[in-house]
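Visitor: My questions all concern the structure below.
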2 protein chains.
Amino acid sequence: MGFIVQKYGGSSVKDAERIQVVAGRIAEEAREGHQVVVVVSAMGDSTDRLLELAKQVNPSPPDREMDMLLATGEQVSIALLAMALQAVGIPALSLTGPQAGIRTDRVYGKGKIQGIDTNRIRKALDEGQAVIVAGFQGINAEQDITTLGRGGSDLTAVALAAALKADICEIYTDVDGIYTADPRIVPEARKLDVISYDEALELASLGAKVLQSRSVEFGKRYNVPLRVLSSFKQGKGTVVMAENEVMEAVVVRGAALNTDEAKLTVLDVPDRPGMAAAVFSALADQHINVDMIVQNTSEEGETDISFTVPRTDVRKSLDALQRVAEEVGAQGVSSPKNIAKLSIVGIGMRSHTGIASKLFAVLAEHEINIDMISTSEIKVSVVIEEEGAEEALRVVHRAFELDKSDE
Amino acid sequence: MGFIVQKYGGSSVKDAERIQVVAGRIAEEAREGHQVVVVVSAMGDSTDRLLELAKQVNPSPPDREMDMLLATGEQVSIALLAMALQAVGIPALSLTGPQAGIRTDRVYGKGKIQGIDTNRIRKALDEGQAVIVAGFQGINAEQDITTLGRGGSDLTAVALAAALKADICEIYTDVDGIYTADPRIVPEARKLDVISYDEALELASLGAKVLQSRSVEFGKRYNVPLRVLSSFKQGKGTVVMAENEVMEAVVVRGAALNTDEAKLTVLDVPDRPGMAAAVFSALADQHINVDMIVQNTSEEGETDISFTVPRTDVRKSLDALQRVAEEVGAQGVSSPKNIAKLSIVGIGMRSHTGIASKLFAVLAEHEINIDMISTSEIKVSVVIEEEGAEEALRVVHRAFELDKSDE
């Protein structure tokens, strides 16, 4: 008898029929004697529908009310899934994020989980019920509903698996695992059986959107194995887990392309201590995540600071940067430029050399210009033009022989 | 400066445009310096859509999950209305039933309000916010969401007006007031300026669906004046309030038809003490509201017990009655028969005689057969065949000259 946390995304519960399929899958686990906690997202495009309604009544809806609105999507899913389970004879209890004891900080729209009071869930499990929890939501100290931002339902599932000490957290999605690269871009990409937390983390942050970073981080911190698998196809998916020696034998595990970022440059910043701090704390105050940063000091004692931010935050970033540029006496802010970030990832890089230079050589050979570079112990990323970036990914995938099995 | 509780029904907030109209109306009150608490229902047909989804996954969905599901409808409305208010510069805060402190008993789907913790609402009002509360819902001792059943949003509004000691509770709906009879059936029906709680109560319970009984009862108990008015048309609507001498001068205030009930008969019940108690406690256990009751003892020491129940409860009633019929040794239960109940209502009846006999005479004159009769101090009701019942209502309306103004 095991203890499983499962998470089903919006496409897995997009209509009554799909909900019944999911109920059937949960019922199997329950009949085998497993304890099951299930986290669900909002049905299909229901979140989009709510966003559209909000926009109609208020072009810039307040965050608190947005969370109040969006949280209804998951609440519909949990009620229906609990009903569907009871229809097939499985006792089930639905719980909203607040009812499930998921406490967050005060940031609406991007709440961080601060703790989980698992009493109510444990009580229901002890009574033999399958527990269905609304993903993506929690409650703050003011008893207001907060949502957890993108990938929030995955996060709910992993956090619950950690808090409840579940054996595994299964993330059901519309893909059947994690691939060496996005198969829509690289047809010869290969599904991985296993990947380390750190590799998944790098891939997630680099735009391989199967798992969100925050979920993998949570899994890593509490050592919860995650299994990514399809809710439509049979298959064992990909397990994300702590690394071991076998895994280290692979130098490059996968490659990813991120086209969600734009590059901004603050021009002619005076070369004095505290300038970078001023720029980036202005962005941090607006909860904007800065990714790659490059600073080059010229000989005239002035410097350009370039960095990438999510494209959705470009307008907010410009507002903040224009203020800070004036304050510190910089010349101004460049127009934002959409870029692509191409990365290769593998824990084996730690013990191998020459990986970065091989990447640069491959790109040079195909006349792809590199704009920014960033490396970590297990990753090399380059910023390139958005145009041609997909072809670049295919080239790199081939050059590192990611299509060939490592077993 | 006044303190108003307003309630808007589903048709008043059925789309973004209507929500903006409602926001405009609330903004007017707020700008005049009034404190405003607004209760809203789910948008248009959203509740029907949720019911349909539930039916698809489970033909008899459990009540707790049904409440979890349906409560999302009002939550969507409050978030959108708060957004729409902020868009026109009015600070507004949405609160779910649980957040608004509306505590209920444990009966899912038909929860009774047991108390309201008004702290959070008062705090928001003190901060100058318009407070938008989800109607129809509350929270029980287990921290589960409960819904209040039909007319629940009105009840939320009246209960809040009472708890907050508001000056008036305005119920915005798709009709512009309470009429002497349903104008869709009786074209010459006349809008009333004022009606007493007791009259409104009788009319509500008799099928005049503008206001639900529970709301009027609440208003009466706490002496909250209610104003029923249209959210689409200008006009002062109808005020429901404590009776006074002027109101007593009118003998018959209105007439109503209820076609939501069916008649059931338990046949050949042994004529022993406790038989009626057994029958009706079996129905009460199932939370079925029994309306009219007639018992006739035959000379053979057996008796038929007839009564009316809501048509929606017929199946549940039959199940309960068949069990009880066996237990007490009755012959069985008749097939349910859909009937119509026609009633005339007026507090003036207390001091006038001959009203019932005039009603019977009018019906006899038009060859309408009377099946059951029930009277109270301020009401006479007769059960008649469903066929021809609307014509009967028109005949009675004319006979009592309800189309003529009483001023």
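Going by the structure tokens order, chains are called A, B, ..., each with residues numbered from 1, while ligands are numbered from 1 in the order shown.
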Restrict the distance test to only C-alpha atoms, flag each residue of chain A within 10 Å of chain B, and return the flagged residues as a PDB file with N, CA and C atoms, in the first residue's frame.
Guide:
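Printed below is iface-v4.pdb as written:
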ATOM      1  N   ASP A  15     -13.551  18.409 -19.816  1.00  0.00           N
ATOM      2  CA  ASP A  15     -15.005  18.245 -19.902  1.00  0.00           C
ATOM      3  C   ASP A  15     -15.431  17.057 -19.030  1.00  0.00           C
ATOM      4  N   ALA A  16     -16.746  16.819 -18.988  1.00  0.00           N
ATOM      5  CA  ALA A  16     -17.284  15.788 -18.101  1.00  0.00           C
ATOM      6  C   ALA A  16     -16.666  14.419 -18.419  1.00  0.00           C
ATOM      7  N   GLU A  17     -16.489  14.144 -19.700  1.00  0.00           N
ATOM      8  CA  GLU A  17     -15.965  12.854 -20.127  1.00  0.00           C
ATOM      9  C   GLU A  17     -14.548  12.632 -19.602  1.00  0.00           C
ATOM     10  N   ARG A  18     -13.700  13.651 -19.780  1.00  0.00           N
ATOM     11  CA  ARG A  18     -12.317  13.559 -19.303  1.00  0.00           C
ATOM     12  C   ARG A  18     -12.273  13.422 -17.782  1.00  0.00           C
ATOM     13  N   ILE A  19     -13.167  14.126 -17.103  1.00  0.00           N
ATOM     14  CA  ILE A  19     -13.206  14.046 -15.638  1.00  0.00           C
ATOM     15  C   ILE A  19     -13.526  12.616 -15.217  1.00  0.00           C
ATOM     16  N   GLN A  20     -14.412  11.976 -15.980  1.00  0.00           N
ATOM     17  CA  GLN A  20     -14.744  10.586 -15.653  1.00  0.00           C
ATOM     18  C   GLN A  20     -13.564   9.645 -15.902  1.00  0.00           C
ATOM     19  N   ALA A  23     -11.355  10.115 -12.992  1.00  0.00           N
ATOM     20  CA  ALA A  23     -11.950   9.446 -11.832  1.00  0.00           C
ATOM     21  C   ALA A  23     -11.671   7.941 -11.896  1.00  0.00           C
ATOM     22  N   LEU A  50     -12.490  33.354 -17.803  1.00  0.00           N
ATOM     23  CA  LEU A  50     -12.581  34.272 -16.667  1.00  0.00           C
ATOM     24  C   LEU A  50     -11.716  35.510 -16.889  1.00  0.00           C
ATOM     25  N   GLU A  52     -10.973  36.848 -19.686  1.00  0.00           N
ATOM     26  CA  GLU A  52     -11.639  37.659 -20.691  1.00  0.00           C
ATOM     27  C   GLU A  52     -12.762  38.483 -20.043  1.00  0.00           C
ATOM     28  N   LEU A  53     -13.548  37.842 -19.174  1.00  0.00           N
ATOM     29  CA  LEU A  53     -14.625  38.552 -18.463  1.00  0.00           C
ATOM     30  C   LEU A  53     -14.050  39.708 -17.645  1.00  0.00           C
ATOM     31  N   ALA A  54     -12.954  39.416 -16.943  1.00  0.00           N
ATOM     32  CA  ALA A  54     -12.332  40.442 -16.100  1.00  0.00           C
ATOM     33  C   ALA A  54     -11.934  41.649 -16.941  1.00  0.00           C
ATOM     34  N   LYS A  55     -11.317  41.362 -18.101  1.00  0.00           N
ATOM     35  CA  LYS A  55     -10.848  42.433 -18.969  1.00  0.00           C
ATOM     36  C   LYS A  55     -12.018  43.302 -19.444  1.00  0.00           C
ATOM     37  N   GLN A  56     -13.182  42.646 -19.641  1.00  0.00           N
ATOM     38  CA  GLN A  56     -14.343  43.388 -20.116  1.00  0.00           C
ATOM     39  C   GLN A  56     -14.841  44.403 -19.082  1.00  0.00           C
ATOM     40  N   VAL A  57     -14.728  44.071 -17.794  1.00  0.00           N
ATOM     41  CA  VAL A  57     -15.246  45.010 -16.786  1.00  0.00           C
ATOM     42  C   VAL A  57     -14.170  45.952 -16.263  1.00  0.00           C
ATOM     43  N   ASN A  58     -12.896  45.587 -16.450  1.00  0.00           N
ATOM     44  CA  ASN A  58     -11.820  46.433 -15.936  1.00  0.00           C
ATOM     45  C   ASN A  58     -10.522  46.104 -16.677  1.00  0.00           C
ATOM     46  N   PRO A  59     -10.012  47.075 -17.467  1.00  0.00           N
ATOM     47  CA  PRO A  59      -8.808  46.789 -18.260  1.00  0.00           C
ATOM     48  C   PRO A  59      -7.596  46.418 -17.405  1.00  0.00           C
ATOM     49  N   SER A  60      -7.505  46.942 -16.175  1.00  0.00           N
ATOM     50  CA  SER A  60      -6.417  46.470 -15.306  1.00  0.00           C
ATOM     51  C   SER A  60      -6.989  46.064 -13.957  1.00  0.00           C
ATOM     52  N   PRO A  61      -7.560  44.861 -13.927  1.00  0.00           N
ATOM     53  CA  PRO A  61      -8.270  44.408 -12.730  1.00  0.00           C
ATOM     54  C   PRO A  61      -7.322  44.270 -11.541  1.00  0.00           C
ATOM     55  N   PRO A  62      -7.785  44.658 -10.343  1.00  0.00           N
ATOM     56  CA  PRO A  62      -6.959  44.546  -9.140  1.00  0.00           C
ATOM     57  C   PRO A  62      -6.611  43.088  -8.835  1.00  0.00           C
ATOM     58  N   ASP A  63      -5.386  42.864  -8.369  1.00  0.00           N
ATOM     59  CA  ASP A  63      -4.890  41.503  -8.157  1.00  0.00           C
ATOM     60  C   ASP A  63      -5.737  40.691  -7.180  1.00  0.00           C
ATOM     61  N   ARG A  64      -6.173  41.345  -6.097  1.00  0.00           N
ATOM     62  CA  ARG A  64      -6.952  40.587  -5.112  1.00  0.00           C
ATOM     63  C   ARG A  64      -8.228  40.025  -5.743  1.00  0.00           C
ATOM     64  N   GLU A  65      -8.921  40.854  -6.514  1.00  0.00           N
ATOM     65  CA  GLU A  65     -10.177  40.416  -7.121  1.00  0.00           C
ATOM     66  C   GLU A  65      -9.922  39.393  -8.222  1.00  0.00           C
ATOM     67  N   MET A  66      -8.772  39.516  -8.878  1.00  0.00           N
ATOM     68  CA  MET A  66      -8.391  38.557  -9.905  1.00  0.00           C
ATOM     69  C   MET A  66      -8.253  37.166  -9.280  1.00  0.00           C
ATOM     70  N   ASP A  67      -7.611  37.111  -8.125  1.00  0.00           N
ATOM     71  CA  ASP A  67      -7.445  35.823  -7.451  1.00  0.00           C
ATOM     72  C   ASP A  67      -8.797  35.266  -6.998  1.00  0.00           C
ATOM     73  N   MET A  68      -9.643  36.160  -6.505  1.00  0.00           N
ATOM     74  CA  MET A  68     -10.993  35.756  -6.090  1.00  0.00           C
ATOM     75  C   MET A  68     -11.717  35.115  -7.278  1.00  0.00           C
ATOM     76  N   LEU A  69     -11.528  35.739  -8.451  1.00  0.00           N
ATOM     77  CA  LEU A  69     -12.201  35.268  -9.666  1.00  0.00           C
ATOM     78  C   LEU A  69     -11.609  33.941 -10.149  1.00  0.00           C
ATOM     79  N   LEU A  70     -10.284  33.918 -10.303  1.00  0.00           N
ATOM     80  CA  LEU A  70      -9.643  32.749 -10.919  1.00  0.00           C
ATOM     81  C   LEU A  70      -9.777  31.497 -10.048  1.00  0.00           C
ATOM     82  N   ALA A  71      -9.790  31.670  -8.742  1.00  0.00           N
ATOM     83  CA  ALA A  71      -9.864  30.510  -7.843  1.00  0.00           C
ATOM     84  C   ALA A  71     -11.134  29.689  -8.065  1.00  0.00           C
ATOM     85  N   THR A  72     -12.151  30.294  -8.675  1.00  0.00           N
ATOM     86  CA  THR A  72     -13.382  29.534  -8.912  1.00  0.00           C
ATOM     87  C   THR A  72     -13.161  28.409  -9.913  1.00  0.00           C
ATOM     88  N   GLY A  73     -12.190  28.588 -10.815  1.00  0.00           N
ATOM     89  CA  GLY A  73     -11.955  27.574 -11.852  1.00  0.00           C
ATOM     90  C   GLY A  73     -11.597  26.227 -11.251  1.00  0.00           C
ATOM     91  N   GLU A  74     -10.654  26.218 -10.321  1.00  0.00           N
ATOM     92  CA  GLU A  74     -10.238  24.968  -9.690  1.00  0.00           C
ATOM     93  C   GLU A  74     -11.346  24.426  -8.774  1.00  0.00           C
ATOM     94  N   GLN A  75     -12.105  25.347  -8.193  1.00  0.00           N
ATOM     95  CA  GLN A  75     -13.167  24.895  -7.285  1.00  0.00           C
ATOM     96  C   GLN A  75     -14.235  24.103  -8.043  1.00  0.00           C
ATOM     97  N   VAL A  76     -14.513  24.526  -9.273  1.00  0.00           N
ATOM     98  CA  VAL A  76     -15.442  23.768 -10.117  1.00  0.00           C
ATOM     99  C   VAL A  76     -14.878  22.362 -10.376  1.00  0.00           C
ATOM    100  N   SER A  77     -13.592  22.289 -10.727  1.00  0.00           N
ATOM    101  CA  SER A  77     -12.977  20.996 -11.046  1.00  0.00           C
ATOM    102  C   SER A  77     -13.021  20.020  -9.872  1.00  0.00           C
ATOM    103  N   ILE A  78     -12.674  20.501  -8.666  1.00  0.00           N
ATOM    104  CA  ILE A  78     -12.618  19.576  -7.525  1.00  0.00           C
ATOM    105  C   ILE A  78     -14.001  19.038  -7.190  1.00  0.00           C
ATOM    106  N   ALA A  79     -15.015  19.907  -7.269  1.00  0.00           N
ATOM    107  CA  ALA A  79     -16.371  19.454  -6.950  1.00  0.00           C
ATOM    108  C   ALA A  79     -16.803  18.376  -7.940  1.00  0.00           C
ATOM    109  N   LEU A  80     -16.555  18.634  -9.234  1.00  0.00           N
ATOM    110  CA  LEU A  80     -16.979  17.675 -10.258  1.00  0.00           C
ATOM    111  C   LEU A  80     -16.213  16.366 -10.130  1.00  0.00           C
ATOM    112  N   LEU A  81     -14.909  16.449  -9.847  1.00  0.00           N
ATOM    113  CA  LEU A  81     -14.127  15.218  -9.743  1.00  0.00           C
ATOM    114  C   LEU A  81     -14.562  14.398  -8.519  1.00  0.00           C
ATOM    115  N   ALA A  82     -14.840  15.078  -7.417  1.00  0.00           N
ATOM    116  CA  ALA A  82     -15.331  14.361  -6.229  1.00  0.00           C
ATOM    117  C   ALA A  82     -16.671  13.696  -6.532  1.00  0.00           C
ATOM    118  N   MET A  83     -17.533  14.386  -7.261  1.00  0.00           N
ATOM    119  CA  MET A  83     -18.826  13.799  -7.662  1.00  0.00           C
ATOM    120  C   MET A  83     -18.615  12.567  -8.534  1.00  0.00           C
ATOM    121  N   ALA A  84     -17.709  12.695  -9.507  1.00  0.00           N
ATOM    122  CA  ALA A  84     -17.456  11.599 -10.445  1.00  0.00           C
ATOM    123  C   ALA A  84     -16.904  10.380  -9.699  1.00  0.00           C
ATOM    124  N   LEU A  85     -16.067  10.611  -8.696  1.00  0.00           N
ATOM    125  CA  LEU A  85     -15.526   9.499  -7.907  1.00  0.00           C
ATOM    126  C   LEU A  85     -16.640   8.820  -7.112  1.00  0.00           C
ATOM    127  N   GLN A  86     -17.493   9.615  -6.499  1.00  0.00           N
ATOM    128  CA  GLN A  86     -18.581   9.030  -5.717  1.00  0.00           C
ATOM    129  C   GLN A  86     -19.531   8.250  -6.621  1.00  0.00           C
ATOM    130  N   ALA A  87     -19.645   8.699  -7.887  1.00  0.00           N
ATOM    131  CA  ALA A  87     -20.507   7.982  -8.832  1.00  0.00           C
ATOM    132  C   ALA A  87     -19.985   6.579  -9.107  1.00  0.00           C
ATOM    133  N   VAL A  88     -18.655   6.370  -8.992  1.00  0.00           N
ATOM    134  CA  VAL A  88     -18.110   5.028  -9.209  1.00  0.00           C
ATOM    135  C   VAL A  88     -17.777   4.347  -7.876  1.00  0.00           C
ATOM    136  N   ALA A  92     -15.050  10.332  -1.636  1.00  0.00           N
ATOM    137  CA  ALA A  92     -14.130  11.411  -2.004  1.00  0.00           C
ATOM    138  C   ALA A  92     -14.586  12.714  -1.388  1.00  0.00           C
ATOM    139  N   LEU A  93     -13.625  13.549  -1.060  1.00  0.00           N
ATOM    140  CA  LEU A  93     -13.902  14.840  -0.438  1.00  0.00           C
ATOM    141  C   LEU A  93     -13.125  15.910  -1.186  1.00  0.00           C
ATOM    142  N   SER A  94     -13.815  16.946  -1.646  1.00  0.00           N
ATOM    143  CA  SER A  94     -13.107  18.044  -2.298  1.00  0.00           C
ATOM    144  C   SER A  94     -12.752  19.109  -1.272  1.00  0.00           C
ATOM    145  N   LEU A  95     -11.604  19.723  -1.456  1.00  0.00           N
ATOM    146  CA  LEU A  95     -11.168  20.815  -0.575  1.00  0.00           C
ATOM    147  C   LEU A  95     -10.581  21.947  -1.409  1.00  0.00           C
ATOM    148  N   THR A  96     -11.019  23.170  -1.154  1.00  0.00           N
ATOM    149  CA  THR A  96     -10.364  24.320  -1.784  1.00  0.00           C
ATOM    150  C   THR A  96      -8.964  24.454  -1.190  1.00  0.00           C
ATOM    151  N   PRO A  98      -7.736  26.997   0.519  1.00  0.00           N
ATOM    152  CA  PRO A  98      -7.883  27.410   1.916  1.00  0.00           C
ATOM    153  C   PRO A  98      -8.314  26.266   2.830  1.00  0.00           C
ATOM    154  N   GLN A  99      -9.283  25.462   2.398  1.00  0.00           N
ATOM    155  CA  GLN A  99      -9.734  24.347   3.233  1.00  0.00           C
ATOM    156  C   GLN A  99      -8.639  23.302   3.428  1.00  0.00           C
ATOM    157  N   ARG A 120      -6.869  18.484   8.151  1.00  0.00           N
ATOM    158  CA  ARG A 120      -8.135  18.098   7.528  1.00  0.00           C
ATOM    159  C   ARG A 120      -7.902  17.009   6.481  1.00  0.00           C
ATOM    160  N   GLU A 142      -4.882  37.360   5.941  1.00  0.00           N
ATOM    161  CA  GLU A 142      -6.133  38.122   6.028  1.00  0.00           C
ATOM    162  C   GLU A 142      -7.352  37.295   5.644  1.00  0.00           C
ATOM    163  N   GLN A 143      -7.165  35.974   5.499  1.00  0.00           N
ATOM    164  CA  GLN A 143      -8.237  35.076   5.095  1.00  0.00           C
ATOM    165  C   GLN A 143      -8.709  35.354   3.680  1.00  0.00           C
ATOM    166  N   ASP A 144      -7.845  35.928   2.868  1.00  0.00           N
ATOM    167  CA  ASP A 144      -8.169  36.153   1.466  1.00  0.00           C
ATOM    168  C   ASP A 144      -7.604  35.012   0.628  1.00  0.00           C
ATOM    169  N   ILE A 145      -8.279  34.738  -0.484  1.00  0.00           N
ATOM    170  CA  ILE A 145      -7.796  33.729  -1.413  1.00  0.00           C
ATOM    171  C   ILE A 145      -6.631  34.307  -2.209  1.00  0.00           C
TER     172      ILE A 145
END
Visitor: Let's see if you can do this: from backbone DSSP, list all alpha helix (DSSP H) residues in region 115-267 of chain B, as number ranges by chain.
Guide: B: 119-126, 152-164, 197-205, 213-221, 245-248
Visitor: Quick one: residues within 7 Å of region 28-39 of chain A, only C-alpha atoms, excluding same-chain residues fewer than 2 positions away - as a list in words?
Guide: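 Everything that qualifies: Met1, Gly2, Phe3, Ile4, Val5, Gln6, Lys7, Tyr8, Gly24, Arg25, Ile26, Leu125, Ala130, Val131, Ile132, Val133, Ala134, Gly135, Ser153 and Ala157 of chain A.
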Visitor: Using only C-alpha atoms, please write the residues we just selected to a file, as a compact mmCIF listing (two decimals), in the first residue's frame.
Guide:
# COMPACT_ATOMS: atom_id res chain seq x y z
CA MET A 1 0.00 0.00 0.00
CA GLY A 2 1.42 3.34 -1.05
CA PHE A 3 0.63 6.97 -0.64
CA ILE A 4 0.39 8.90 -3.91
CA VAL A 5 -0.23 12.53 -4.71
CA GLN A 6 -1.50 13.00 -8.26
CA LYS A 7 -1.93 16.21 -10.19
CA TYR A 8 -4.11 16.61 -13.28
CA GLY A 24 -11.49 5.97 -13.27
CA ARG A 25 -7.73 6.23 -12.95
CA ILE A 26 -7.94 7.43 -9.33
CA LEU A 125 -7.48 10.02 4.41
CA ALA A 130 -9.79 10.19 -1.69
CA VAL A 131 -8.98 13.85 -1.14
CA ILE A 132 -9.36 16.23 -4.09
CA VAL A 133 -7.57 19.55 -3.61
CA ALA A 134 -7.90 22.69 -5.73
CA GLY A 135 -4.52 23.50 -7.21
CA SER A 153 -1.19 23.53 -9.45
CA ALA A 157 0.82 18.90 -5.62
Visitor: For Ala364 (chain B), please output as an MDAnalysis selection string all residues within 12 Å (counting only C-alpha atoms; exclusion window: fewer than 5 positions along the same chain).
Guide: chainID B and resid 357:359 369:370 384 392 395:396
Visitor: Those residues with N, CA and C atoms, as a compact mmCIF listing (two decimals), in the first residue's frame please?
Guide:
# COMPACT_ATOMS: atom_id res chain seq x y z
N SER B 357 -66.31 32.80 1.49
CA SER B 357 -67.52 32.36 0.80
C SER B 357 -67.67 33.08 -0.54
N LYS B 358 -67.24 34.33 -0.60
CA LYS B 358 -67.30 35.03 -1.89
C LYS B 358 -66.39 34.34 -2.91
N LEU B 359 -65.19 33.92 -2.44
CA LEU B 359 -64.25 33.22 -3.34
C LEU B 359 -64.87 31.93 -3.85
N ASN B 369 -63.97 23.34 -9.88
CA ASN B 369 -64.12 22.44 -8.74
C ASN B 369 -63.01 22.66 -7.71
N ILE B 370 -63.38 22.66 -6.43
CA ILE B 370 -62.40 22.86 -5.36
C ILE B 370 -62.07 21.51 -4.73
N ILE B 384 -57.10 23.50 -6.91
CA ILE B 384 -57.97 23.23 -8.05
C ILE B 384 -57.18 22.47 -9.11
N ALA B 392 -58.92 30.85 -13.87
CA ALA B 392 -59.52 31.01 -12.55
C ALA B 392 -58.91 32.21 -11.83
N VAL B 395 -60.34 35.40 -13.22
CA VAL B 395 -61.72 35.56 -12.76
C VAL B 395 -61.74 36.12 -11.33
N VAL B 396 -60.91 35.55 -10.48
CA VAL B 396 -60.89 35.96 -9.07
C VAL B 396 -60.36 37.39 -8.94
Visitor: If I take CA of Ala162 (chain A) and CA of Met241 (chain A), how far is one from the other in Å, to one decimal?
Guide: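 Going from CA of Ala162 (chain A) over to CA of Met241 (chain A), I get 13.4 Å.
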Visitor: Enter the distance from CA of Thr118 (chain B) to CA of Gly101 (chain B), in Å, rounded to one decimal.
Guide: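 For CA of Thr118 (chain B) relative to CA of Gly101 (chain B), the distance reads 6.3 Å.
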Visitor: Within 12 Å of Glu243 (chain B), counting only C-alpha atoms, which residues show up once you throw out same-chain ones fewer than 2 positions away? Write them as a list in words, please.
Guide: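 Selected residues are Val194, Ile195, Ser196, Tyr197, Asp198, Glu199, Ala200, Lys220, Asn223, Pro225, Val239, Val240, Met241, Glu245, Val246, Met247, Glu248, Ala249, Val250, Gly346, Ile347 and Gly348 of chain B.
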Visitor: What does the distance between CA of Gly111 (chain B) and CA of Ala141 (chain B) come to in Å, to one decimal place?
Guide: 11.7 Å
Visitor: Please identify all polymer residues within 7 Å of region 319-326 of chain B, counting only C-alpha atoms, omitting same-chain residues fewer than 4 positions from it, and present them as a compact mmCIF listing (two decimals) with N, CA and C atoms, in the first residue's frame.
Guide:
# COMPACT_ATOMS: atom_id res chain seq x y z
N VAL B 279 -46.43 9.69 9.40
CA VAL B 279 -46.35 10.09 7.99
C VAL B 279 -45.51 11.36 7.85
N ALA B 282 -41.77 11.25 8.75
CA ALA B 282 -40.98 10.60 7.69
C ALA B 282 -40.59 11.62 6.61
N LEU B 283 -41.54 12.53 6.29
CA LEU B 283 -41.26 13.55 5.28
C LEU B 283 -40.31 14.62 5.84
N ARG B 315 -40.51 12.50 -5.84
CA ARG B 315 -39.85 11.19 -5.85
C ARG B 315 -39.36 10.83 -4.44
N ALA B 330 -50.82 0.99 6.20
CA ALA B 330 -51.73 1.68 5.27
C ALA B 330 -51.78 0.87 3.97
N GLN B 331 -52.79 1.18 3.15
CA GLN B 331 -52.93 0.38 1.92
C GLN B 331 -51.86 0.72 0.90
N GLY B 332 -51.44 2.00 0.90
CA GLY B 332 -50.41 2.41 -0.06
C GLY B 332 -50.45 3.90 -0.27
N VAL B 333 -49.82 4.32 -1.37
CA VAL B 333 -49.74 5.75 -1.67
C VAL B 333 -50.27 5.95 -3.08
